[in-house]
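K.L.:
Sending over structure_36.cif (mmCIF, C-alpha atoms).
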```cif
data_structure
loop_
_atom_site.label_atom_id
_atom_site.label_comp_id
_atom_site.auth_asym_id
_atom_site.auth_seq_id
_atom_site.Cartn_x
_atom_site.Cartn_y
_atom_site.Cartn_z
CA MET U 48 -46.13 97.20 101.90
CA LYS U 49 -42.95 95.45 100.82
CA ASP U 50 -39.68 97.30 101.04
CA GLU U 51 -37.51 97.85 97.97
CA PHE U 52 -35.29 94.84 98.72
CA GLN U 53 -38.29 92.51 98.98
CA GLN U 54 -39.79 93.84 95.72
CA LYS U 55 -36.52 93.43 93.83
CA ILE U 56 -35.88 89.84 94.88
CA CYS U 57 -39.44 88.76 94.17
CA THR U 58 -39.13 89.83 90.53
CA ASN U 59 -35.54 88.72 89.88
CA TYR U 60 -35.84 85.43 87.98
CA LEU U 61 -33.36 82.86 86.78
CA ARG U 62 -32.55 82.33 83.12
CA LEU U 63 -29.37 80.36 82.58
CA GLN U 64 -27.85 78.17 79.93
CA ALA U 65 -25.25 75.50 80.68
CA THR U 66 -22.92 74.41 77.87
CA SER U 67 -19.81 73.49 79.88
CA PRO U 68 -19.02 71.49 83.03
CA ASP U 69 -18.45 74.75 84.95
CA ASP U 70 -21.84 76.09 83.83
CA LEU U 71 -23.41 72.80 84.88
CA LYS U 72 -22.03 73.17 88.44
CA VAL U 73 -23.70 76.57 88.79
CA LEU U 74 -27.00 75.32 87.39
CA SER U 75 -26.84 72.25 89.59
CA ALA U 76 -26.42 74.39 92.72
CA LEU U 77 -29.39 76.58 91.79
CA LEU U 78 -31.64 73.60 91.01
CA GLN U 79 -30.62 71.56 94.06
CA ASP U 80 -33.63 70.46 96.13
CA SER U 81 -36.09 71.15 93.34
CA ILE U 82 -39.21 69.03 93.46
CA VAL U 83 -39.94 67.35 90.14
CA PRO U 84 -43.32 65.70 89.52
CA ILE U 85 -42.99 62.70 87.17
CA ALA U 86 -46.03 64.11 85.35
CA ASP U 87 -43.93 67.17 84.46
CA ILE U 88 -41.12 65.27 82.70
CA LEU U 89 -41.33 64.85 78.93
CA TYR U 90 -38.85 63.17 76.60
CA THR U 91 -39.41 63.91 72.92
CA PRO U 92 -37.07 61.70 70.85
CA SER U 93 -38.08 63.39 67.59
CA GLN U 94 -36.92 66.78 68.93
CA LYS U 95 -34.05 65.27 70.95
CA GLN U 96 -35.18 67.11 74.09
CA VAL U 97 -36.06 66.43 77.67
CA ILE U 98 -38.35 69.07 79.11
CA MET U 99 -39.34 69.27 82.75
CA VAL U 100 -40.96 71.69 85.13
CA LEU U 101 -39.37 71.86 88.55
CA GLN U 102 -40.56 73.48 91.75
CA ARG U 103 -37.27 75.25 92.45
CA PHE U 104 -36.19 76.35 95.92
CA ARG U 105 -34.83 79.87 95.45
CA TRP U 106 -31.44 79.40 97.13
CA GLU U 107 -30.17 82.70 95.74
CA LEU U 108 -32.70 84.65 97.81
CA THR U 109 -31.63 82.96 101.02
CA ARG U 110 -27.95 83.57 100.32
CA ASN U 111 -28.52 87.22 99.30
CA ALA U 112 -30.54 87.88 102.44
CA GLU U 113 -27.81 86.36 104.65
CA ILE U 114 -25.16 88.52 102.98
CA ILE U 115 -26.96 91.83 103.48
CA GLY U 116 -28.46 90.83 106.83
CA LYS U 117 -32.13 91.18 105.90
CA PRO U 118 -34.52 88.41 106.94
CA ILE U 119 -36.61 86.88 104.18
CA GLY U 120 -39.08 84.07 103.98
CA TYR U 121 -38.21 81.06 101.87
CA GLN U 122 -39.61 80.81 98.37
CA ARG U 123 -40.13 78.36 95.54
CA CYS U 124 -40.99 79.02 91.92
CA LEU U 125 -41.68 77.02 88.81
CA CYS U 126 -38.63 76.55 86.61
CA GLY U 127 -38.66 75.12 83.12
CA LEU U 128 -35.62 73.01 82.24
CA VAL U 129 -34.89 72.07 78.62
CA ILE U 130 -32.09 69.63 77.89
CA ASP U 131 -31.18 69.59 74.20
CA LYS U 132 -29.32 67.12 71.97
CA VAL U 133 -30.65 64.06 73.83
CA GLU U 134 -30.19 60.77 71.98
CA SER U 135 -31.81 58.51 74.59
CA MET U 136 -33.18 58.46 78.13
CA GLN U 137 -32.99 55.71 80.73
CA THR U 138 -34.17 55.67 84.33
CA HIS U 139 -32.99 53.86 87.44
CA GLN U 140 -35.49 53.22 90.27
CA ILE U 141 -38.03 55.57 88.66
CA ASP U 142 -41.38 54.42 87.34
CA MET U 143 -42.20 56.99 84.65
CA LYS U 144 -45.75 55.59 84.44
CA ASP U 145 -46.44 56.54 88.06
CA ARG U 146 -47.51 60.11 87.29
CA SER U 147 -48.26 60.82 90.98
CA GLN U 148 -44.61 60.33 92.01
CA PHE U 149 -42.36 63.26 92.98
CA LEU U 150 -38.57 63.37 92.70
CA ASN U 151 -36.16 65.49 94.74
CA PHE U 152 -33.33 66.77 92.51
CA LEU U 153 -29.83 66.64 93.97
CA THR U 154 -27.26 67.23 91.22
CA PHE U 155 -26.03 66.63 87.67
CA TYR U 156 -23.16 64.31 86.72
CA ASP U 157 -21.71 64.61 83.26
CA GLY U 158 -19.42 62.24 81.44
CA ALA U 159 -18.47 61.31 77.92
CA GLN U 160 -21.70 61.70 75.94
CA ARG U 161 -23.74 61.26 79.13
CA LEU U 162 -25.66 63.40 81.60
CA ASP U 163 -27.10 61.96 84.81
CA LEU U 164 -29.77 63.71 86.82
CA GLN U 165 -29.38 62.42 90.37
CA PHE U 166 -32.37 62.46 92.70
CA SER U 167 -32.75 61.41 96.32
CA ASP U 168 -33.23 57.71 97.15
CA SER U 169 -30.67 56.76 94.44
CA LYS U 170 -33.09 57.58 91.62
CA VAL U 171 -31.43 58.58 88.35
CA ILE U 172 -32.37 59.77 84.88
CA ARG U 173 -29.49 59.00 82.51
CA LEU U 174 -29.36 60.83 79.19
CA ARG U 175 -27.13 60.02 76.26
CA ILE U 176 -26.31 63.40 74.74
CA ASP U 177 -24.42 64.75 71.73
CA SER U 178 -23.21 67.79 73.66
CA LEU U 179 -24.06 69.73 76.78
CA LYS U 180 -26.89 72.24 76.39
CA LEU U 181 -29.35 72.91 79.20
CA THR U 182 -31.57 75.96 79.60
CA ALA U 183 -33.34 76.80 82.85
CA THR U 184 -35.95 79.56 83.03
CA ASP U 185 -38.10 80.57 85.99
CA VAL U 186 -41.76 81.07 85.10
CA GLY U 187 -44.59 82.66 87.03
CA LYS U 188 -44.52 84.12 90.51
CA SER U 189 -42.72 82.70 93.51
CA TRP U 190 -44.71 81.39 96.44
CA PRO U 191 -43.71 81.25 100.09
CA THR U 192 -42.65 78.08 101.84
CA THR U 193 -41.80 77.53 105.48
CA GLN U 194 -39.48 74.64 104.68
CA ARG U 195 -35.82 75.17 103.92
CA PRO U 196 -34.11 72.02 102.60
CA LYS U 197 -31.53 70.62 105.01
CA HIS U 198 -28.49 68.53 104.24
CA GLU U 199 -26.49 66.34 106.55
CA GLU U 200 -22.92 67.47 107.04
CA THR U 201 -20.38 65.03 105.63
CA THR U 202 -16.95 64.63 107.14
#
```
In structure tokens, how does this file's structure come out?

P.N.:
Amino acid sequence: MKDEFQQKICTNYLRLQATSPDDLKVLSALLQDSIVPIADILYTPSQKQVIMVLQRFRWELTRNAEIIGKPIGYQRCLCGLVIDKVESMQTHQIDMKDRSQFLNFLTFYDGAQRLDLQFSDSKVIRLRIDSLKLTATDVGKSWPTTQRPKHEETT
């Protein structure tokens, strides 16, 4: 039987909207190390949206457990990401026709009328946008994983 802490964190899901650079930093941190299958990325020019389903590492659970001193296994969950007001989409070093390919999300970079989604191995999705509006929503139940993403320390 799970204790109260375990039950609470397993049902506490993310639903965030980013409309400013500060919001984008928070969303970027929560989506870092998400696995993104190419098959789960859709650009709909008529609706000016990019929609993707990410396999999100639940960083917030790891950090919460460290703060209160309770051990917890690592978890991932599906997370829907909708990016609105997209005028165009370009890719760098990504073959969108290779539906078996997986991307590892690192961060967002925003600029004047532009949003870059940076993935490992220098892969990038560049969006031309009218304004910043991203919505991320966890869907379904989390599942356990034994792998915690690791990052090299930079000096």

K.L.:
Could you list the residues chosen by the PyMOL selection byres ((chain U and resi 168) around 12) in this structure as a PyMOL selection string?

P.N.:
chain U and resi 139-141+149-153+165-167+169-171

K.L.:
List the residues matched by the PyMOL selection byres ((chain U and resi 70) around 12) in the displayed structure as number ranges by chain, ordered by chain and then by residue number.

P.N.:
U: 63-69, 71-77, 155, 157, 179-183

K.L.:
Emit as AutoDock Vina command-line options the padded axis-aligned box for all listed atoms of range 178-194 of chain U, 4 Å per side, with centre and edge lengths in Å to one decimal.

P.N.:
```
--center_x -34.0 --center_y 76.0 --center_z 89.6 --size_x 29.5 --size_y 24.3 --size_z 39.8
```

K.L.:
Give me, as a tab-separated table, the closest atom pair and its distance (Å, one decimal) for every residue of range 174-199 of chain U within a cut-off of 6 Å of range 122-133 of chain U, counting only C-alpha atoms, rows sorted by chain and rising number.

P.N.:
```
residue	atom	partner	partner_atom	distance
U:Arg175	CA	U:Val133	CA	5.9
U:Ile176	CA	U:Val133	CA	4.5
U:Asp177	CA	U:Lys132	CA	5.4
U:Lys180	CA	U:Asp131	CA	5.5
U:Leu181	CA	U:Ile130	CA	4.5
U:Thr182	CA	U:Val129	CA	5.2
U:Ala183	CA	U:Leu128	CA	4.5
U:Thr184	CA	U:Gly127	CA	5.2
U:Asp185	CA	U:Cys126	CA	4.1
U:Val186	CA	U:Leu125	CA	5.5
U:Ser189	CA	U:Cys124	CA	4.4
U:Trp190	CA	U:Gln122	CA	5.5
U:Pro191	CA	U:Gln122	CA	4.5
U:Thr192	CA	U:Gln122	CA	5.4
```

K.L.:
With all atoms listed in the file as the atoms that count, which of U:Leu61, U:Ile85, U:Met136, U:Ala159 lies nearest to Leu108 in chain U?

P.N.:
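Using all atoms listed in the file, Leu108 in chain U sits closest to U:Leu61.
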
K.L.:
Could you state the separation of CA of Arg173 in chain U and CA of Met143 in chain U in Å, given to one decimal place?

P.N.:
13.0 Å

K.L.:
With distances taken over all atoms listed in the file, which of U:Thr138, U:Arg62, U:Trp106, U:Ser147 is nearest to Lys197 in chain U?

P.N.:
U:Trp106
